[in-house]
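*Asks:* Right, I'll just put the structure down here and ask away after.
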There are 2 protein chains.
Amino acid sequence: MKQRATLADVARSAGVSKTTASLVLNGKGEANISEETRQRVATAAAALHFRPHGVARALTRRRADVLGIVCAIDPFVEQVHHHEFEHTLLSAIFSRAMERGYNPLIYNYPPLDAGPERLLRYADGRSDAFILIFPPAECILLKRLHALAIPAVAVMSRETHAEALWVDSDHEAGIQALVGHLAELGHQKIAYLTGPPEEEAVAARVAAFRKALTERGLPVREEWIEPYLWDTEETHNTLKRLLCQPDRPTALLTWYDFAAGDVYLAARQLNLRIPEDLSVVGFDDTHSATILSPALTTVRQDPEGMGRAAVDLALNALSWEVTTSHARTAVSPIQLVVRDSTSPPGRPAEPAMPTSVVVQWTARQESDLSSGVEEH
Amino acid sequence: MKQRATLADVARSAGVSKTTASLVLNGKGEANISEETRQRVATAAAALHFRPHGVARALTRRRADVLGIVCAIDPFVEQVHHHEFEHTLLSAIFSRAMERGYNPLIYNYPPLDAGPERLLRYADGRSDAFILIFPPAECILLKRLHALAIPAVAVMSRETHAEALWVDSDHEAGIQALVGHLAELGHQKIAYLTGPPEEEAVAARVAAFRKALTERGLPVREEWIEPYLWDTEETHNTLKRLLCQPDRPTALLTWYDFAAGDVYLAARQLNLRIPEDLSVVGFDDTHSATILSPALTTVRQDPEGMGRAAVDLALNALSWEVTTSHARTAVSPIQLVVRDSTSPPGRPAEPAMPTSVVVQWTARQESDLSSGVEEH
DNA sequence: TTAGGTTAGTGAACCGGTTTACCGGCTCAC
DNA sequence: GTGAGCCGGTAAACCGGTTCACTAACCTAA
């Protein structure tokens, strides 16, 4: 197997022109080529182990069958277990892209101060379309791609302009489900250990939190809405301050399951029992939620569905299937998962459930994109 | 920004030939082009927002600056938390590849029954070299790539033939460290809940286990070497059988940290205390190890280092830096991490350590490749 | 004066495919 | 007899770069 065989080799060996060989091997020109010639070409190609050169093909076809995935690699390497959600999302994107005949090509986000030439590197023709995972607010890359008319889907982010493509969780439904659940249990004093300010979803969830409380006639206490800043001293102090007052919250929403782990630790140190003294809920329904003790009540996002939806949006946009009739955005529904970390204030949890209770929370459906909402 | 500017556009706009434009923009031909012309070309390129077309460039240069990563996507999606190790590995590979100016292109493994034409798809010129993560034994893709003289590095696998490129953990050192630690604590009856038979490393670790016991004059009891088959009924029965006999092991090696979680559960059900009644050790030092209670004694592999090493091996092979003087393989060292799940048989663990104790276990170094062994 | 060297640059081939436009020969209907 | 239409197929342009071989003009040394 010395040298790769080219189309010209095949054509020569079959005694036909390159054109004919190309047509036969691509199953085109059905009408114009005799069965016998087809056979000859096919045989020659097989004998020579011919495989079209993907790069050359990409050049003429002006599409590479490659889907660019832009994500922040560095944090992945540093704190893997923080990122179960992102990993699931990524895997789902890979899977779906390959199902649809595209290979995912990984890119990092450009540095914030990247000049235009660095940005244009993304648009060098290697990737037909892009998916950006957790794009920063005001993402320059996203704008650039849009200016170049290259389809780009933002995941876990919402842009405002009309032609934007994005997929996001239904943050509001998630918060509503959690607050609703706690309110039904009788909680009135609910705090929110929300996300670090740089995360784009923080604003949406905090707004939803305020709204949910207000709708139920519960007071919104601003000093009970604090950011979770990873497992730092600062977070620890916040928790202490929050939980040590005589007039303290009886229930606590956390930014995500992993943060709930830190709350568990703090509660143990402060001699607060969960859920009798403090009900705790998470977000994401990752592995952490099931191995914490007591098992965590949380809300399940659908990273698989979102990943699929993102790929479909991107590829549909490529094939001009995006018209007014087709969705440009998808809001992924959310499910409440009730476990043992919540109970009426002051009372222990109900006897352990045979299994987690999953409550389907009706989500707004802004999208008709099947992948975004089907199954699960 | 209507149409991408081509090199011809730049040349025309600068009043020079394509050749000159190309030379200037690639910083070549220093000697042959006047400073003034260079300026004109640079200005024209900037004005037109020119960026070379990556695909066209790849075609002529005959290299794409893309590194193919082959991995099993599907299981990732299904059981993310089982796969922390693989995820870390993947992330490290992405990172390192991008550091070296390559973009990682993701592929799935071909189906086992894939014909030659399916296999040739990988070698379509899109990727310059490949990294195969957890390749199956007798991997046909690996053989194919080798036949085509395309560099391919196997990660977590060892091939026998002389020109093979691979990176693997030092399984033997890991097992030696664990058995050594247990033996020092006074354990004589040690069992091994090993990996599912399809995993390639099982044989190496089991052999190392037998050897480690024998070297220390401890008996090898074959009925105490059993596979961990995920959290199935079967695994549960195995554990019951193992731990319920009157003459039962006092210490148990597990396949990886996640499996230790199941052992903890079983022990709790059988009223065995850890570590007093049963010392348990894991493998990998993943997140599970730290959140289990008691925290798990385990052995740390170095997925980051391995990922980096794999990329370096692949890219060095590409640039012909592989000669007799350069490494073709790397064995990644392993560290023992002592936590609270091990103690002398019958006695509780020492008072909780201020932090985990990390013991550097001297690993065989078969490689001079810096990335494989540096730091950590 | 002329051979030889340097400077600054160019035309055209090439990478490996796809696609457009066209062609010769045959049949058929009018 | 001839124009239209189909059948089976081809030559050549093209995609957007890179690179080889070559040259015009000017300079220098013998």
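Identifiers in this document derive from the order of the structure tokens: chains are assigned A, B, ..., residues are numbered from 1 separately in each chain, and ligands are numbered from 1 in order of occurrence.
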Please identify all polymer residues within 10 Å of Ala162 of chain A, counting only C-alpha atoms (C1' of nucleotides), omitting same-chain residues fewer than 3 positions from it, and present them as a ChimeraX atom specification.

*Replies:* /A:159,165,328

*Asks:* Fit chain A to chain B, using all C-alpha atoms paired in sequence order for the least-squares superposition, and then show me the result as a short mmCIF file (atom, residue, chain, number, x, y, z; two decimals) with C-alpha atoms, in the first residue's frame.

*Replies:*
data_model
loop_
_atom_site.label_atom_id
_atom_site.label_comp_id
_atom_site.auth_asym_id
_atom_site.auth_seq_id
_atom_site.Cartn_x
_atom_site.Cartn_y
_atom_site.Cartn_z
CA MET A 1 -18.78 40.81 3.99
CA LYS A 2 -20.18 39.10 0.97
CA GLN A 3 -17.65 36.82 -0.60
CA ARG A 4 -14.48 35.42 0.84
CA ALA A 5 -11.42 37.08 -0.71
CA THR A 6 -8.98 34.73 -2.40
CA LEU A 7 -5.27 34.93 -2.83
CA ALA A 8 -5.83 35.97 -6.42
CA ASP A 9 -7.89 38.92 -5.23
CA VAL A 10 -5.14 40.02 -2.92
CA ALA A 11 -2.53 39.65 -5.66
CA ARG A 12 -4.58 41.63 -8.11
CA SER A 13 -5.31 44.34 -5.60
CA ALA A 14 -1.63 44.63 -4.70
CA GLY A 15 -0.55 44.49 -8.32
CA VAL A 16 1.63 41.42 -7.91
CA SER A 17 1.45 37.77 -8.87
CA LYS A 18 -0.20 35.06 -6.79
CA THR A 19 3.23 33.64 -6.14
CA THR A 20 4.48 36.82 -4.58
CA ALA A 21 1.37 37.23 -2.51
CA SER A 22 1.64 33.68 -1.27
CA LEU A 23 5.29 34.08 -0.36
CA VAL A 24 4.72 37.31 1.50
CA LEU A 25 1.75 36.03 3.45
CA ASN A 26 3.63 32.95 4.49
CA GLY A 27 6.71 34.89 5.50
CA LYS A 28 8.81 33.02 3.00
CA GLY A 29 11.23 34.16 0.37
CA GLU A 30 12.61 36.79 2.71
CA ALA A 31 15.46 37.41 0.38
CA ASN A 32 13.55 37.80 -2.85
CA ILE A 33 10.88 40.33 -2.16
CA SER A 34 11.41 43.99 -1.49
CA GLU A 35 10.17 45.53 1.68
CA GLU A 36 7.92 47.81 -0.27
CA THR A 37 6.17 44.97 -2.08
CA ARG A 38 5.72 43.14 1.18
CA GLN A 39 3.95 46.15 2.56
CA ARG A 40 1.68 46.47 -0.42
CA VAL A 41 0.65 42.84 -0.19
CA ALA A 42 0.11 42.99 3.53
CA THR A 43 -2.01 46.07 3.21
CA ALA A 44 -4.11 44.60 0.44
CA ALA A 45 -4.64 41.40 2.40
CA ALA A 46 -5.74 43.30 5.46
CA ALA A 47 -8.06 45.51 3.48
CA LEU A 48 -9.74 42.52 1.90
CA HIS A 49 -9.93 40.61 5.20
CA PHE A 50 -8.05 37.87 3.45
CA ARG A 51 -7.68 34.56 5.23
CA PRO A 52 -6.22 31.55 3.50
CA HIS A 53 -8.71 28.82 2.78
CA GLY A 54 -7.72 25.98 5.06
CA VAL A 55 -9.01 23.26 2.81
CA ALA A 56 -7.20 24.51 -0.28
CA ARG A 57 -4.05 24.91 1.71
CA ALA A 58 -4.38 21.45 3.11
CA LEU A 59 -4.69 20.08 -0.38
CA THR A 60 -1.44 21.48 -1.66
CA ARG A 61 0.56 21.17 1.49
CA ARG A 62 -0.60 17.64 1.83
CA ARG A 63 -1.21 18.10 5.51
CA ALA A 64 -4.32 19.34 7.20
CA ASP A 65 -3.04 20.33 10.64
CA VAL A 66 -5.74 18.17 12.04
CA LEU A 67 -5.34 15.36 14.51
CA GLY A 68 -7.91 12.57 14.39
CA ILE A 69 -9.19 11.33 17.73
CA VAL A 70 -10.93 8.00 17.66
CA CYS A 71 -12.99 7.08 20.67
CA ALA A 72 -16.13 5.26 21.63
CA ILE A 73 -18.76 7.95 21.85
CA ASP A 74 -21.82 5.91 22.66
CA PRO A 75 -20.86 4.71 26.12
CA PHE A 76 -19.92 8.26 26.95
CA VAL A 77 -23.43 9.44 26.46
CA GLU A 78 -24.93 6.65 28.44
CA GLN A 79 -22.89 6.62 31.61
CA VAL A 80 -20.98 9.79 31.97
CA HIS A 81 -19.99 9.40 35.56
CA HIS A 82 -18.40 6.06 34.85
CA HIS A 83 -16.06 7.79 32.51
CA GLU A 84 -14.36 10.57 34.37
CA PHE A 85 -11.00 9.11 33.48
CA GLU A 86 -11.73 9.03 29.76
CA HIS A 87 -13.06 12.54 29.87
CA THR A 88 -9.97 13.89 31.50
CA LEU A 89 -7.87 12.05 28.98
CA LEU A 90 -9.86 13.47 26.08
CA SER A 91 -9.70 16.99 27.42
CA ALA A 92 -5.97 16.75 27.86
CA ILE A 93 -5.59 15.55 24.30
CA PHE A 94 -7.70 18.41 22.98
CA SER A 95 -5.71 20.91 24.95
CA ARG A 96 -2.34 19.68 23.95
CA ALA A 97 -3.24 19.30 20.31
CA MET A 98 -4.42 22.87 20.16
CA GLU A 99 -1.35 24.05 22.00
CA ARG A 100 0.64 22.54 19.17
CA GLY A 101 -1.46 24.15 16.49
CA TYR A 102 -3.61 21.19 15.58
CA ASN A 103 -7.35 20.88 15.79
CA PRO A 104 -8.78 17.61 17.02
CA LEU A 105 -11.32 15.95 14.76
CA ILE A 106 -13.49 13.36 16.48
CA TYR A 107 -14.24 9.98 15.01
CA ASN A 108 -16.08 6.99 16.31
CA TYR A 109 -14.62 3.53 16.17
CA PRO A 110 -15.77 1.65 13.11
CA PRO A 111 -18.24 -1.15 13.74
CA LEU A 112 -16.50 -4.44 14.33
CA ASP A 113 -17.68 -5.86 11.04
CA ALA A 114 -16.65 -2.81 9.02
CA GLY A 115 -15.37 -3.62 5.57
CA PRO A 116 -12.18 -2.18 4.17
CA GLU A 117 -13.93 0.67 2.42
CA ARG A 118 -15.38 1.89 5.68
CA LEU A 119 -11.92 1.73 7.18
CA LEU A 120 -10.38 3.72 4.39
CA ARG A 121 -12.72 6.56 5.20
CA TYR A 122 -10.51 7.47 8.11
CA ALA A 123 -7.60 7.92 5.78
CA ASP A 124 -9.22 10.44 3.51
CA GLY A 125 -6.66 13.11 4.12
CA ARG A 126 -8.64 15.15 6.61
CA SER A 127 -6.50 14.07 9.52
CA ASP A 128 -2.74 13.89 9.47
CA ALA A 129 -2.40 11.46 12.33
CA PHE A 130 -4.61 9.61 14.75
CA ILE A 131 -4.96 8.95 18.42
CA LEU A 132 -7.04 5.94 19.37
CA ILE A 133 -8.41 5.93 22.87
CA PHE A 134 -8.99 2.53 24.43
CA PRO A 135 -8.65 0.64 21.17
CA PRO A 136 -10.14 -2.83 21.25
CA ALA A 137 -7.76 -5.75 21.15
CA GLU A 138 -6.66 -6.56 17.61
CA CYS A 139 -8.00 -3.24 16.42
CA ILE A 140 -8.53 -3.42 12.67
CA LEU A 141 -8.45 0.33 12.29
CA LEU A 142 -5.07 0.52 13.93
CA LYS A 143 -3.73 -2.11 11.58
CA ARG A 144 -5.16 -0.36 8.60
CA LEU A 145 -3.68 2.98 9.50
CA HIS A 146 -0.38 1.35 10.04
CA ALA A 147 -0.55 -0.28 6.64
CA LEU A 148 -1.21 3.13 5.12
CA ALA A 149 1.76 4.58 6.98
CA ILE A 150 -0.40 7.07 8.84
CA PRO A 151 0.86 7.67 12.37
CA ALA A 152 -1.56 6.31 14.95
CA VAL A 153 -1.04 6.30 18.69
CA ALA A 154 -2.94 3.87 20.89
CA VAL A 155 -3.78 5.13 24.35
CA MET A 156 -4.36 2.68 27.19
CA SER A 157 -3.20 -0.22 25.16
CA ARG A 158 0.05 -1.84 24.21
CA GLU A 159 0.83 -3.32 20.88
CA THR A 160 3.61 -5.74 20.44
CA HIS A 161 5.14 -4.96 17.08
CA ALA A 162 8.24 -2.87 16.97
CA GLU A 163 6.93 0.20 15.21
CA ALA A 164 3.81 0.62 17.30
CA LEU A 165 3.16 3.92 19.01
CA TRP A 166 1.36 3.71 22.32
CA VAL A 167 0.86 5.27 25.73
CA ASP A 168 -0.27 3.27 28.69
CA SER A 169 -0.48 3.43 32.45
CA ASP A 170 1.98 1.50 34.49
CA HIS A 171 -0.55 -1.07 35.58
CA GLU A 172 2.00 -3.20 37.27
CA ALA A 173 3.32 -0.38 39.43
CA GLY A 174 -0.23 0.51 40.41
CA ILE A 175 -1.10 -2.97 41.53
CA GLN A 176 2.23 -3.33 43.28
CA ALA A 177 1.61 -0.12 45.19
CA LEU A 178 -1.81 -1.23 46.34
CA VAL A 179 -0.85 -4.75 47.29
CA GLY A 180 2.31 -3.44 48.94
CA HIS A 181 0.32 -0.97 50.99
CA LEU A 182 -2.14 -3.64 52.12
CA ALA A 183 0.59 -6.13 52.89
CA GLU A 184 2.40 -3.58 55.01
CA LEU A 185 -0.78 -3.06 56.98
CA GLY A 186 -0.72 -6.77 57.68
CA HIS A 187 -3.29 -8.08 55.25
CA GLN A 188 -2.80 -11.63 54.06
CA LYS A 189 -6.17 -12.37 52.56
CA ILE A 190 -6.57 -10.08 49.60
CA ALA A 191 -9.19 -10.40 46.88
CA TYR A 192 -9.46 -8.60 43.56
CA LEU A 193 -12.71 -7.46 42.01
CA THR A 194 -11.08 -6.99 38.64
CA GLY A 195 -12.39 -5.54 35.39
CA PRO A 196 -14.83 -6.87 32.85
CA PRO A 197 -13.03 -9.31 30.57
CA GLU A 198 -13.35 -7.16 27.45
CA GLU A 199 -11.13 -4.43 28.91
CA GLU A 200 -7.65 -4.78 27.63
CA ALA A 201 -5.88 -3.84 30.85
CA VAL A 202 -7.49 -6.62 32.87
CA ALA A 203 -4.93 -9.22 31.93
CA ALA A 204 -2.02 -6.95 32.79
CA ARG A 205 -3.41 -6.02 36.15
CA VAL A 206 -4.42 -9.52 37.12
CA ALA A 207 -0.98 -10.80 36.21
CA ALA A 208 0.55 -8.02 38.28
CA PHE A 209 -1.76 -8.93 41.14
CA ARG A 210 -0.68 -12.56 41.09
CA LYS A 211 2.93 -11.56 40.90
CA ALA A 212 2.63 -9.08 43.75
CA LEU A 213 1.05 -11.65 46.04
CA THR A 214 3.53 -14.31 45.16
CA GLU A 215 6.51 -12.04 45.69
CA ARG A 216 5.28 -11.36 49.19
CA GLY A 217 4.67 -15.02 49.95
CA LEU A 218 0.91 -14.55 50.01
CA PRO A 219 -1.38 -17.22 48.56
CA VAL A 220 -3.11 -16.60 45.24
CA ARG A 221 -6.69 -17.81 45.51
CA GLU A 222 -8.25 -17.93 42.08
CA GLU A 223 -11.80 -17.86 43.43
CA TRP A 224 -10.96 -14.46 44.90
CA ILE A 225 -10.27 -12.94 41.52
CA GLU A 226 -13.61 -12.01 40.02
CA PRO A 227 -14.72 -9.53 37.37
CA TYR A 228 -16.75 -6.43 38.16
CA LEU A 229 -19.67 -6.43 35.74
CA TRP A 230 -21.07 -2.95 36.38
CA ASP A 231 -23.82 -2.65 38.93
CA THR A 232 -25.57 -5.83 37.94
CA GLU A 233 -27.15 -8.60 39.96
CA GLU A 234 -24.14 -10.65 38.99
CA THR A 235 -21.70 -8.28 40.58
CA HIS A 236 -23.81 -8.18 43.68
CA ASN A 237 -23.84 -11.97 43.97
CA THR A 238 -20.11 -12.10 43.46
CA LEU A 239 -19.62 -9.67 46.32
CA LYS A 240 -21.97 -11.54 48.58
CA ARG A 241 -20.25 -14.83 47.90
CA LEU A 242 -16.88 -13.26 48.44
CA LEU A 243 -17.68 -11.47 51.68
CA CYS A 244 -20.09 -13.86 53.40
CA GLN A 245 -17.83 -16.86 53.83
CA PRO A 246 -16.35 -17.38 57.25
CA ASP A 247 -12.92 -17.46 55.64
CA ARG A 248 -13.29 -14.20 53.77
CA PRO A 249 -10.76 -11.70 52.48
CA THR A 250 -9.85 -8.80 54.75
CA ALA A 251 -8.92 -6.52 51.89
CA LEU A 252 -10.35 -5.99 48.45
CA LEU A 253 -8.83 -4.41 45.35
CA THR A 254 -11.40 -3.05 42.94
CA TRP A 255 -11.24 -2.35 39.25
CA TYR A 256 -11.73 1.37 39.64
CA ASP A 257 -13.05 3.90 42.09
CA PHE A 258 -16.56 3.73 40.78
CA ALA A 259 -16.73 0.00 41.46
CA ALA A 260 -15.58 0.64 45.02
CA GLY A 261 -18.83 2.54 45.49
CA ASP A 262 -20.74 -0.68 44.89
CA VAL A 263 -18.50 -2.51 47.33
CA TYR A 264 -19.30 0.11 49.96
CA LEU A 265 -22.99 -0.51 49.41
CA ALA A 266 -22.62 -4.26 49.66
CA ALA A 267 -20.50 -3.98 52.80
CA ARG A 268 -23.10 -1.80 54.44
CA GLN A 269 -25.77 -4.37 53.67
CA LEU A 270 -23.62 -7.16 55.08
CA ASN A 271 -22.83 -5.15 58.15
CA LEU A 272 -19.16 -5.01 57.43
CA ARG A 273 -17.42 -1.86 58.55
CA ILE A 274 -14.87 -0.22 56.30
CA PRO A 275 -11.98 -0.30 57.01
CA GLU A 276 -12.15 -2.27 60.29
CA ASP A 277 -13.75 -5.35 58.78
CA LEU A 278 -12.76 -4.81 55.21
CA SER A 279 -10.12 -2.61 53.64
CA VAL A 280 -11.09 -1.40 50.19
CA VAL A 281 -8.94 0.24 47.54
CA GLY A 282 -9.80 1.72 44.16
CA PHE A 283 -8.00 2.69 40.99
CA ASP A 284 -7.87 6.04 39.16
CA ASP A 285 -8.33 8.58 41.99
CA THR A 286 -11.39 10.14 40.44
CA HIS A 287 -13.90 12.33 42.16
CA SER A 288 -15.74 9.31 43.55
CA ALA A 289 -12.74 8.50 45.68
CA THR A 290 -12.97 11.73 47.63
CA ILE A 291 -16.70 11.83 48.19
CA LEU A 292 -17.13 8.27 49.36
CA SER A 293 -17.19 7.89 53.10
CA PRO A 294 -14.73 6.78 54.32
CA ALA A 295 -12.61 8.40 51.64
CA LEU A 296 -11.07 5.84 49.36
CA THR A 297 -7.46 4.76 49.28
CA THR A 298 -6.60 4.46 45.63
CA VAL A 299 -3.94 4.84 43.00
CA ARG A 300 -3.74 7.90 40.82
CA GLN A 301 -3.22 7.57 37.12
CA ASP A 302 -2.12 10.54 35.11
CA PRO A 303 -4.61 11.05 32.29
CA GLU A 304 -3.38 14.58 31.63
CA GLY A 305 0.18 13.40 31.19
CA MET A 306 -0.91 10.52 29.03
CA GLY A 307 -2.99 12.75 26.83
CA ARG A 308 -0.10 15.10 26.31
CA ALA A 309 2.27 12.27 25.62
CA ALA A 310 -0.08 10.76 23.06
CA VAL A 311 -0.34 13.99 21.14
CA ASP A 312 3.38 14.51 21.23
CA LEU A 313 4.09 11.02 19.98
CA ALA A 314 1.66 11.44 17.12
CA LEU A 315 2.94 14.82 16.04
CA ASN A 316 6.57 13.89 16.38
CA ALA A 317 5.93 10.91 14.17
CA LEU A 318 4.42 13.25 11.62
CA SER A 319 7.38 15.55 11.51
CA TRP A 320 9.76 12.67 11.09
CA GLU A 321 11.15 13.36 14.48
CA VAL A 322 10.66 9.74 15.19
CA THR A 323 13.94 8.03 14.73
CA THR A 324 15.68 5.48 16.80
CA SER A 325 16.57 8.23 19.21
CA HIS A 326 12.96 9.12 19.90
CA ALA A 327 10.47 7.30 22.02
CA ARG A 328 7.64 5.41 20.37
CA THR A 329 5.96 4.45 23.61
CA ALA A 330 5.36 5.95 27.02
CA VAL A 331 4.48 4.31 30.29
CA SER A 332 2.82 6.74 32.62
CA PRO A 333 3.78 6.56 36.30
CA ILE A 334 1.30 6.01 39.06
CA GLN A 335 0.90 7.34 42.60
CA LEU A 336 -0.52 5.71 45.67
CA VAL A 337 -3.03 7.90 47.50
CA VAL A 338 -3.71 6.70 51.02
CA ARG A 339 -7.00 7.77 52.56
CA ASP A 340 -9.33 6.25 55.13
CA SER A 341 -10.60 3.05 53.58
CA THR A 342 -7.60 0.99 54.56
CA SER A 343 -6.29 -0.03 57.98
CA PRO A 344 -4.67 -3.06 59.55
CA PRO A 345 -7.18 -5.93 59.55
CA GLY A 346 -9.54 -5.68 62.51
CA ARG A 347 -8.47 -2.22 63.57
CA PRO A 348 -10.06 1.16 62.75
CA ALA A 349 -8.18 3.59 60.56
CA GLU A 350 -5.62 5.92 62.03
CA PRO A 351 -7.06 9.26 63.13
CA ALA A 352 -8.10 11.17 60.05
CA MET A 353 -5.17 12.60 58.18
CA PRO A 354 -5.00 16.33 57.68
CA THR A 355 -5.09 15.57 54.00
CA SER A 356 -4.66 12.63 51.72
CA VAL A 357 -1.23 11.12 51.76
CA VAL A 358 0.31 10.84 48.37
CA VAL A 359 3.08 8.36 47.96
CA GLN A 360 5.09 8.59 44.81
CA TRP A 361 5.53 5.11 43.57
CA THR A 362 8.58 4.74 41.45
CA ALA A 363 7.50 3.70 38.02
CA ARG A 364 9.44 2.01 35.34
CA GLN A 365 10.37 4.59 32.78
CA GLU A 366 10.50 3.10 29.38
CA SER A 367 10.28 6.40 27.70
CA ASP A 368 12.31 9.55 27.48
CA LEU A 369 9.32 11.49 26.31
CA SER A 370 9.14 14.39 28.64
CA SER A 371 5.40 14.88 28.61
CA GLY A 372 4.77 11.35 29.68
CA VAL A 373 6.62 11.62 32.87
CA GLU A 374 7.09 15.24 33.80
CA GLU A 375 5.48 17.01 36.72
CA HIS A 376 2.60 15.81 38.89
#

*Asks:* Could you tell me how far atom C1' of DA24 of chain D lies from atom C1' of DT1 of chain C, in Å and to one decimal?

*Replies:*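 Between these atoms lies a distance of 20.2 Å.
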
*Asks:* Please extract the residues of segment 42-199 of chain A with a backbone DSSP assignment of alpha helix (DSSP H) and present them as JSON, numbers by chain.

*Replies:* {"A": [42, 43, 44, 45, 46, 47, 54, 55, 56, 57, 58, 59, 60, 61, 73, 74, 75, 76, 77, 78, 84, 85, 86, 87, 88, 89, 90, 91, 92, 93, 94, 95, 96, 97, 98, 99, 116, 117, 118, 119, 120, 140, 141, 142, 143, 144, 145, 146, 147, 171, 172, 173, 174, 175, 176, 177, 178, 179, 180, 181, 182, 183, 184]}

*Asks:* Please write the residues from the selection above to a file, keeping C-alpha atoms, as a short mmCIF file (atom, residue, chain, number, x, y, z; two decimals), in the first residue's frame.

*Replies:*
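Writing the result to selection_15.cif gives the following:
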data_model
loop_
_atom_site.label_atom_id
_atom_site.label_comp_id
_atom_site.auth_asym_id
_atom_site.auth_seq_id
_atom_site.Cartn_x
_atom_site.Cartn_y
_atom_site.Cartn_z
CA ALA A 42 -16.34 0.02 -9.75
CA THR A 43 -14.01 -2.89 -10.24
CA ALA A 44 -11.04 -0.68 -10.95
CA ALA A 45 -11.76 1.45 -7.90
CA ALA A 46 -11.99 -1.58 -5.67
CA ALA A 47 -8.83 -3.07 -7.07
CA GLY A 54 -11.70 14.28 1.57
CA VAL A 55 -9.80 17.52 1.38
CA ALA A 56 -9.89 17.73 -2.40
CA ARG A 57 -13.54 16.91 -2.37
CA ALA A 58 -14.21 19.52 0.24
CA LEU A 59 -12.49 22.09 -1.91
CA THR A 60 -14.66 21.61 -4.95
CA ARG A 61 -17.89 20.88 -3.20
CA ILE A 73 -11.23 23.30 27.01
CA ASP A 74 -9.07 24.57 29.83
CA PRO A 75 -11.61 24.43 32.64
CA PHE A 76 -12.48 20.94 31.52
CA VAL A 77 -9.03 19.71 32.25
CA GLU A 78 -8.87 21.36 35.60
CA GLU A 84 -20.54 16.51 34.09
CA PHE A 85 -23.26 18.53 32.42
CA GLU A 86 -20.93 19.96 29.78
CA HIS A 87 -19.48 16.56 29.12
CA THR A 88 -22.82 15.00 28.51
CA LEU A 89 -23.71 17.86 26.24
CA LEU A 90 -20.51 17.48 24.26
CA SER A 91 -20.92 13.74 23.92
CA ALA A 92 -24.45 14.16 22.68
CA ILE A 93 -23.29 16.67 20.10
CA PHE A 94 -20.55 14.35 18.89
CA SER A 95 -22.97 11.49 18.62
CA ARG A 96 -25.62 13.33 16.77
CA ALA A 97 -23.21 14.99 14.39
CA MET A 98 -21.75 11.65 13.42
CA GLU A 99 -25.20 10.17 13.07
CA PRO A 116 -10.02 40.04 13.70
CA GLU A 117 -7.41 37.93 11.99
CA ARG A 118 -7.48 35.41 14.80
CA LEU A 119 -11.24 35.31 14.51
CA LEU A 120 -11.16 34.72 10.80
CA ILE A 140 -17.23 38.27 19.37
CA LEU A 141 -16.77 34.97 17.59
CA LEU A 142 -20.49 34.50 17.31
CA LYS A 143 -20.86 37.95 15.82
CA ARG A 144 -18.08 37.35 13.39
CA LEU A 145 -19.49 34.08 12.17
CA HIS A 146 -22.80 35.69 11.74
CA ALA A 147 -21.27 38.48 9.71
CA HIS A 171 -34.44 28.08 33.30
CA GLU A 172 -37.67 29.64 34.33
CA ALA A 173 -39.55 26.35 34.38
CA GLY A 174 -36.76 24.81 36.43
CA ILE A 175 -36.83 27.48 39.07
CA GLN A 176 -40.60 27.47 39.11
CA ALA A 177 -40.62 23.73 39.69
CA LEU A 178 -38.21 23.97 42.59
CA VAL A 179 -39.83 26.93 44.27
CA GLY A 180 -43.25 25.40 43.67
CA HIS A 181 -42.18 22.16 45.26
CA LEU A 182 -40.76 23.93 48.32
CA ALA A 183 -43.77 26.19 48.67
CA GLU A 184 -46.09 23.21 48.56
#

*Asks:* Mind checking DSSP for segment 77-264 of chain B and telling me the strand (DSSP E) residues as a PyMOL selection string?

*Replies:* chain B and resi 103-108+129-133+152-155+165-169+190-194+225-227+251-254

*Asks:* Using only C-alpha atoms (C1' of nucleotides), determine which residues of chain D fall within 7 Å of chain B; present them as a ChimeraX atom specification.

*Replies:* /D:16-18

*Asks:* Residues at most 12 Å from segment 24-29 of chain C, counting only C-alpha atoms (C1' of nucleotides), excluding those fewer than 5 positions away in the same chain, as JSON, numbers by chain?

*Replies:* {"D": [2, 3, 4, 5, 6, 7, 8, 9, 10]}

*Asks:* Using only C-alpha atoms (C1' of nucleotides) and a cut-off of 10 Å, which residues of chain C sit close to chain B? Please list them as a list of chain:residue names.

*Replies:* C:DT6, C:DT7, C:DA8, C:DG9, C:DT10, C:DG11, C:DC14, C:DC15, C:DG16

*Asks:* Create the file for the chosen residues now, containing C-alpha atoms (C1' of nucleotides) and written as a PDB file, in the first residue's frame.

*Replies:*
ATOM      1  C1'  DT C   6      22.128  38.950  -7.791  1.00  0.00           C
ATOM      2  C1'  DT C   7      17.542  41.104  -7.213  1.00  0.00           C
ATOM      3  C1'  DA C   8      12.700  41.082  -7.628  1.00  0.00           C
ATOM      4  C1'  DG C   9       9.388  38.833  -9.410  1.00  0.00           C
ATOM      5  C1'  DT C  10       6.294  35.931 -12.719  1.00  0.00           C
ATOM      6  C1'  DG C  11       3.710  32.082 -15.491  1.00  0.00           C
ATOM      7  C1'  DC C  14      -0.086  21.016  -9.682  1.00  0.00           C
ATOM      8  C1'  DC C  15      -2.874  19.026  -5.552  1.00  0.00           C
ATOM      9  C1'  DG C  16      -7.363  15.601  -6.415  1.00  0.00           C
TER      10       DG C  16
END
